[in-house]
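See below for the structure under consideration.
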Amino acid sequence: MDIVTATLTWLTDPANWQGPNGIPSRLAEHVALSGASLVAAALIALPLGLFIGHTGRFSWLIASSANAWRALPSFAVIGLLVPFTTLVDPREGFTLYPTLLAMIVLAGPPLLVNSYQGVASVDRDLVEAARGMGMTGPQILRRLEIPIALPVIGTGVRLAAVQVIATATLGSVFGFGGLGRYIVIGEDTQNTGQEFGGVVLVATLALVTFGAFTLIERRLVSPGLSGTVK
Amino acid sequence: MSLASVGNSTTASAERRAVSLEFRDVSKQYGRDGAAAVERLSFTVPAGAVCALVGPSGCGKTTSLKMVNRLIEPTGGEILLDGEDIMRRDVTELRRGIGYVIQQVGLFPHLTVAENVAVVPSLEGWPRDRQAARTAELLALVGLDPAAYARRFPSQLSGGERQRVGVARALAADPPLMLMDEPFAAVDPIARERLQDEFLRLQRELAKTILFVTHDIDEAVKMGDLIAVMNQGRLVQFGAPDAILARPASDFVAALVGADRGLKRLSLRTVGDLAPEAIGRQTLDGLPRFAPGTKLRDALSALLAADTRGGVALDGQGGARGLVTVDAIASALNDAPPDHAR
Amino acid sequence: MSTGEPFVRWDWIGDHLGAIADRVGQSLQLAAIAVVLGFVISFALATIAIRRRRLYAPIVVAATVAYTIPSFALFAALVSITGLTTVTAEVPLVLYTLVLLVPNIVAGFDSVPPEVLDAANGMGFSRAQRWRRVELPLAVPLIVAGVRLATVSTIGLVTVSAIIGNSFGGLGYYILDGYHRGFSTEILVGGSLSIVLAVAADVAFVALQRVLTPWARARAAVR
């Protein structure tokens, strides 16, 4: 049976859509854990980036964060965490924690760097005009800098989201659940349909996430900024 | 100064008391041994007057302007707004009560024109319908049709349109004082002249106290009731435009106002200001005719071009009032000695 | 990880120095091939995109789509098609460099100020001379920045290719093998060396950037 047929058969087999090993539950697992990591990372990285961009202090954090992120392969990060997380919990520390931690850590830099860049690149003349009009610091951040920075921040969020999904997928090699398990198990058991079914599902999830965030960003950003209004 | 008491109509706001602005020995020094950007600046702008701060780059005019709304904090002296020291007031409240217009305008790109104009009112918590009414009123005041412009974004406007919105935005909360930093410098000369004329019309209606910075002496002469000439942080001369043009206080001021300052003074007077000569029995055919509002400078130019001794000064209804001659125009300059006083 | 066993078995490291060095070499080799190939393809695509602006968006979108697909999925999929060969490892690696290199190369050439081009034309440069002597040198900073990004990220991605088989993955082999055997030393060796390698590449590129753009250096010195 060639790959395409095998994959289609597997994907359309109703048995694969039920139970804890079924597509819906694996998908939910993948999405839920990805979402939670993204939120966790955002809770720290976004306010921090906005603060550094608005005040200009601690800007060294940004450059070092950006460099660190580039140089940290997710495969190595997950792997390196395993010896340490298993000390905390031998069972979950072997499967869940390393990947989950890696997801949060790797989502941080895009969120941090982009929220910083978005705010820092707001024209200084605008900020001065706002100050001269009697806006306080927080008002300037809320009413001026953040709305103008939204496109760049949005790109960062999208980047982080895709990163998180990819890291979760990779984590299946290290025992993590989610859609990546299909690829791992399919490869182990020579079940081509399952393996490629997993590939298709993962790729689709990633692309849908990318598209969804792009659409959300388009709705949130003021039309006066995008230059589409001319 | 409670902004909550601002009325909705321009006549109501014109009735509000404008305020005086006084600089008393104001200085700005950076660092302990640094050169002073502004040194012991002292002058007063009476309520309802327009004062132009003029001088070469680096003379401290913009620094002085920014000390009024405390974007730059003075290191010496006092600035009194309506008799009250601005350092005693809460900075945010002070700034909300001062209209601030800058050269690059600084319209917020993510807000519509209407939202931009309503920034300070919305910060002050005005109800929505009051914001909308005020915005429409102001846009009309600066010559932009509210129906057409309210929902546009700054990226869709020309430079002149943006500058008008900037002025509307500064006027939104009806501040008694306006600060303008080279407001028309970034616009092409034709649009600039239109904006200047419109601004003068606005000021006749609103009678605000205005301090504006310019590097263009002609703009200062045209728009200012008073001119403060600065050089290297110090006030070099202060007075009405005609006085400065007639009697520059130093070589520097003379060079600044230009060698044609005599002609510039002629731009400040009109044919209607002159007492015309009697017509007598000469024919008026073919002579240039001047409406009362014609500037003396333009009249002189027309007479020289037409190569006649005189022209006809008209009254308001188009009838002849008398003769205007080149000599009469020249002697209009003679209420001041030609040499500058040192 | 089995209890009672120390975290790092230095003796193991000592015994396997040769093998580790081999793996480092493999990481570098796989990465180098990918970056070079990726650069050639990206340069061609960028040139097309500059000549026909309308093609730029589709090219970037295609590259982004390729990048969005998780590397793990791509490697696994290719194994079944192209088998346990270097091609399987290289195809995803090359694809992932495109989204980083094409925009940077295009931006590099776009960054040349139009007045400089005007001046060059006015002085009588031929099209080829202008490209070689003016545009290319000025585009270099952004292009090198892109290559830097692509290299560092590729060195990281090489580790994922370990899932293809034991003879691949460079240092990633140690990470995977260590995980399966519960052997923390191996993981630590593979993981930390991967990071060190990536950082070293980053630093090397920063130095390269300085060498290639002496005018930026001079400007910094004047300040």
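Each chain in the structure tokens gets a letter, A, B, ..., in the order shown, and its residues are numbered from 1; ligands are numbered from 1 in order too.
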Using only C-alpha atoms and a cut-off of 6 Å, which residues of chain A sit close to chain B? Please list them as a tab-separated table (two decimals) with N, CA and C atoms, in the first residue's frame.
```tsv
chain	number	residue	atom	x	y	z
A	126	LEU	N	5.94	61.16	18.56
A	126	LEU	CA	4.59	60.88	19.01
A	126	LEU	C	4.52	60.83	20.52
A	129	ALA	N	4.71	64.31	21.84
A	129	ALA	CA	3.43	65.01	21.67
A	129	ALA	C	2.43	64.55	22.73
A	132	GLY	N	3.30	66.05	26.02
A	132	GLY	CA	2.96	67.47	26.03
A	132	GLY	C	1.47	67.70	26.19
A	133	MET	N	0.67	66.71	25.76
A	133	MET	CA	-0.78	66.85	25.88
A	133	MET	C	-1.27	66.52	27.27
A	134	GLY	N	-0.38	65.99	28.09
A	134	GLY	CA	-0.81	65.68	29.44
A	134	GLY	C	-1.16	64.22	29.66
A	222	SER	N	-5.29	48.50	14.20
A	222	SER	CA	-6.02	49.62	13.62
A	222	SER	C	-5.74	49.75	12.14
A	224	GLY	N	-5.59	52.28	10.42
A	224	GLY	CA	-4.75	53.43	10.12
A	224	GLY	C	-3.28	53.09	10.10
A	225	LEU	N	-2.93	51.92	10.72
A	225	LEU	CA	-1.53	51.55	10.81
A	225	LEU	C	-1.07	50.73	9.65
A	230	LYS	N	-5.72	53.74	2.15
A	230	LYS	CA	-4.95	54.78	1.46
A	230	LYS	C	-5.89	55.53	0.52
```
Note to self: Taking 6 positions as the minimum chain separation for residues in the same chain, which residues sit within 7 Å of Gly38 in chain C when counting only C-alpha atoms? Answer as a ChimeraX atom specification.
What the structure shows: /C:94,97-98
Margin query: With distances taken over only C-alpha atoms, which residue among C:Ile41, C:Ile69, C:Val35, C:Ala201 lies nearest chain A?
Written below: C:Ile69
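Atom pair CA of Val147 in chain C / CA of Ala44 in chain C has a distance of 14.7 Å (rounded to one decimal).
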Next item on the list: Based on DSSP run over this structure's backbone, return all residues of range 132-338 of chain B in strand (DSSP E), as JSON, numbers by chain.
Entry: {"B": [177, 178, 179, 180, 181, 209, 210, 211, 212, 213, 214, 226, 227, 228, 229, 230, 231, 234, 235, 236, 237, 238, 239, 289, 290, 310, 311, 312, 313, 314, 320, 321, 322, 323, 324, 325]}
Check: What are the residues of chain A that have an atom within 6 Å of an atom of chain C, counting only C-alpha atoms, as a list of chain:residue names?
Finding: A:Ala71, A:Leu72, A:Pro73, A:Ala76, A:Gly79, A:Leu80, A:Pro83, A:Ala166, A:Leu170, A:Val199, A:Ala203
Could those residues be written to a file, using C-alpha atoms, as a PDB file, in the first residue's frame?
```pdb
ATOM      1  CA  ALA A  71      21.490  29.298  19.818  1.00  0.00           C
ATOM      2  CA  LEU A  72      19.237  26.967  21.795  1.00  0.00           C
ATOM      3  CA  PRO A  73      18.084  24.014  19.709  1.00  0.00           C
ATOM      4  CA  ALA A  76      18.839  19.907  23.073  1.00  0.00           C
ATOM      5  CA  GLY A  79      16.915  16.522  26.268  1.00  0.00           C
ATOM      6  CA  LEU A  80      18.958  18.535  28.726  1.00  0.00           C
ATOM      7  CA  PRO A  83      17.988  14.465  33.833  1.00  0.00           C
ATOM      8  CA  ALA A 166       6.691  22.413  17.084  1.00  0.00           C
ATOM      9  CA  LEU A 170       9.325  17.132  19.031  1.00  0.00           C
ATOM     10  CA  VAL A 199       2.637  14.174   9.971  1.00  0.00           C
ATOM     11  CA  ALA A 203       1.456  20.086   9.776  1.00  0.00           C
TER      12      ALA A 203
END
```
Margin query: Residues near Ser167 in chain C, anyone? I mean within 10 Å using only C-alpha atoms, not counting same-chain ones fewer than 2 positions away, as a PyMOL selection string.
Written below: chain C and resi 23+26+84-86+161-165+169-170+173
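What separates CA of Gly108 in chain A from CA of Ile216 in chain A is a distance of 20.3 Å.
A straight line drawn from CA of Pro292 in chain B to CA of Arg321 in chain B is 9.5 Å long.
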Item checked: Residue neighbourhood Gly180 in chain A, 8 Å, only C-alpha atoms, exclusion window fewer than 2 positions, as a VMD selection string -> (chain A and resid 168 to 173 176 to 178 182 to 184 198 to 199 202) or (chain C and resid 73)
Write the selection just made, keeping C-alpha atoms, as a PDB file, in the first residue's frame?
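Writing done, so here's result-v2.pdb:
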```pdb
ATOM      1  CA  ALA A 168       5.428  19.845  21.650  1.00  0.00           C
ATOM      2  CA  THR A 169       5.641  17.737  18.514  1.00  0.00           C
ATOM      3  CA  LEU A 170       9.325  17.132  19.031  1.00  0.00           C
ATOM      4  CA  GLY A 171       8.657  16.276  22.649  1.00  0.00           C
ATOM      5  CA  SER A 172       6.927  13.105  21.561  1.00  0.00           C
ATOM      6  CA  VAL A 173      10.359  11.686  20.952  1.00  0.00           C
ATOM      7  CA  PHE A 176       5.418  13.723  25.465  1.00  0.00           C
ATOM      8  CA  GLY A 177       1.815  13.156  24.363  1.00  0.00           C
ATOM      9  CA  GLY A 178       0.001  15.028  21.673  1.00  0.00           C
ATOM     10  CA  TYR A 182       1.458   9.154  16.130  1.00  0.00           C
ATOM     11  CA  ILE A 183       4.668   9.831  14.296  1.00  0.00           C
ATOM     12  CA  VAL A 184       6.801   8.154  16.938  1.00  0.00           C
ATOM     13  CA  GLY A 198       0.536  12.143  12.387  1.00  0.00           C
ATOM     14  CA  VAL A 199       2.637  14.174   9.971  1.00  0.00           C
ATOM     15  CA  VAL A 202       0.806  18.113  12.928  1.00  0.00           C
TER      16      VAL A 202
ATOM     17  CA  ALA C  73       7.235  15.779  11.096  1.00  0.00           C
TER      18      ALA C  73
END
```
Margin query: Based on the backbone DSSP call, show me all residues of range 2-199 of chain C assigned helix (DSSP H, G or I), as number ranges by chain.
Written below: C: 10-15, 17-51, 53-68, 71-82, 86-110, 114-123, 127-163, 172-181, 184-199
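Near Ala145 in chain C, within 9 Å and counting only C-alpha atoms, sit Leu101, Asn104, Val140, Pro141, Leu142, Arg148, Leu149, Ala150, Phe205, Val206 and Gln209 of chain C; same-chain residues fewer than 3 positions away were not included.
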Residues of range 74-138 of chain A within 12 Å of range 15-36 of chain A: nearest atom pair and distance (Å, one decimal) for each, counting only C-alpha atoms, sorted by chain and number, as a tab-separated table?
```
residue	atom	partner	partner_atom	distance
A:Leu96	CA	A:Leu33	CA	9.9
A:Tyr97	CA	A:Leu33	CA	11.0
A:Thr99	CA	A:Leu33	CA	10.0
A:Leu100	CA	A:Leu33	CA	7.5
A:Leu101	CA	A:Leu33	CA	10.7
A:Ala102	CA	A:Ser34	CA	11.0
A:Met103	CA	A:Ser34	CA	7.5
A:Ile104	CA	A:Ala36	CA	8.7
A:Leu106	CA	A:Ser34	CA	11.7
A:Ala107	CA	A:Ser34	CA	10.0
```
Mind checking which residues fall within 6 Å of Val152 in chain A, counting only C-alpha atoms, ignoring those fewer than 2 positions away in the same chain, and posting them as a PDB file with N, CA and C atoms, in the first residue's frame?
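Once everything was written out, this is result_3.pdb:
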```pdb
ATOM      1  N   ASN A 114       9.878  40.783  20.613  1.00  0.00           N
ATOM      2  CA  ASN A 114       8.926  41.502  19.774  1.00  0.00           C
ATOM      3  C   ASN A 114       8.120  42.544  20.530  1.00  0.00           C
ATOM      4  N   GLY A 118       8.373  46.322  19.375  1.00  0.00           N
ATOM      5  CA  GLY A 118       7.157  47.045  18.983  1.00  0.00           C
ATOM      6  C   GLY A 118       7.050  48.373  19.693  1.00  0.00           C
ATOM      7  N   ALA A 149       2.239  49.268  18.582  1.00  0.00           N
ATOM      8  CA  ALA A 149       3.162  48.135  18.578  1.00  0.00           C
ATOM      9  C   ALA A 149       2.476  46.819  18.245  1.00  0.00           C
ATOM     10  N   LEU A 150       1.140  46.829  18.208  1.00  0.00           N
ATOM     11  CA  LEU A 150       0.410  45.564  18.021  1.00  0.00           C
ATOM     12  C   LEU A 150       0.868  44.704  16.840  1.00  0.00           C
ATOM     13  N   GLY A 154       2.049  41.108  17.598  1.00  0.00           N
ATOM     14  CA  GLY A 154       1.268  40.024  17.008  1.00  0.00           C
ATOM     15  C   GLY A 154       2.163  39.023  16.288  1.00  0.00           C
ATOM     16  N   THR A 155       3.144  39.537  15.544  1.00  0.00           N
ATOM     17  CA  THR A 155       4.081  38.646  14.866  1.00  0.00           C
ATOM     18  C   THR A 155       4.817  37.788  15.879  1.00  0.00           C
TER      19      THR A 155
END
```
Margin query: Which residues are close to range 137-150 of chain B, i.e. within 9 Å by only C-alpha atoms, leaving aside same-chain residues fewer than 5 positions away? Reply as a PyMOL selection string.
Written below: chain B and resi 8-10+112-115+117+132+157+161+164-165+167-169+171-172+198-199+202
Could the residues in this selection be saved with C-alpha atoms as a PDB file, in the first residue's frame?
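Saved result, out-v9.pdb, follows:
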```
ATOM      1  CA  ASN B   8     -19.583  74.025  23.639  1.00  0.00           C
ATOM      2  CA  SER B   9     -19.572  77.046  21.387  1.00  0.00           C
ATOM      3  CA  THR B  10     -16.718  79.200  20.297  1.00  0.00           C
ATOM      4  CA  THR B 112      -9.021  58.377  13.235  1.00  0.00           C
ATOM      5  CA  VAL B 113      -8.994  62.123  12.773  1.00  0.00           C
ATOM      6  CA  ALA B 114     -11.959  62.449  15.132  1.00  0.00           C
ATOM      7  CA  GLU B 115     -10.332  60.250  17.748  1.00  0.00           C
ATOM      8  CA  VAL B 117      -8.915  65.552  18.018  1.00  0.00           C
ATOM      9  CA  ALA B 132     -18.357  64.253  19.125  1.00  0.00           C
ATOM     10  CA  LEU B 157      -4.123  63.234   4.822  1.00  0.00           C
ATOM     11  CA  GLU B 161      -4.509  68.745   6.453  1.00  0.00           C
ATOM     12  CA  ARG B 164      -4.926  71.568  10.722  1.00  0.00           C
ATOM     13  CA  VAL B 165      -5.976  68.456  12.623  1.00  0.00           C
ATOM     14  CA  VAL B 167      -4.286  72.543  15.702  1.00  0.00           C
ATOM     15  CA  ALA B 168      -7.834  71.250  16.217  1.00  0.00           C
ATOM     16  CA  ARG B 169      -6.485  68.639  18.605  1.00  0.00           C
ATOM     17  CA  LEU B 171      -7.780  73.384  20.843  1.00  0.00           C
ATOM     18  CA  ALA B 172     -10.057  70.516  21.854  1.00  0.00           C
ATOM     19  CA  GLU B 198      -6.260  80.744   8.594  1.00  0.00           C
ATOM     20  CA  PHE B 199      -4.462  80.778  11.887  1.00  0.00           C
ATOM     21  CA  LEU B 202      -8.820  81.698  14.105  1.00  0.00           C
TER      22      LEU B 202
END
```
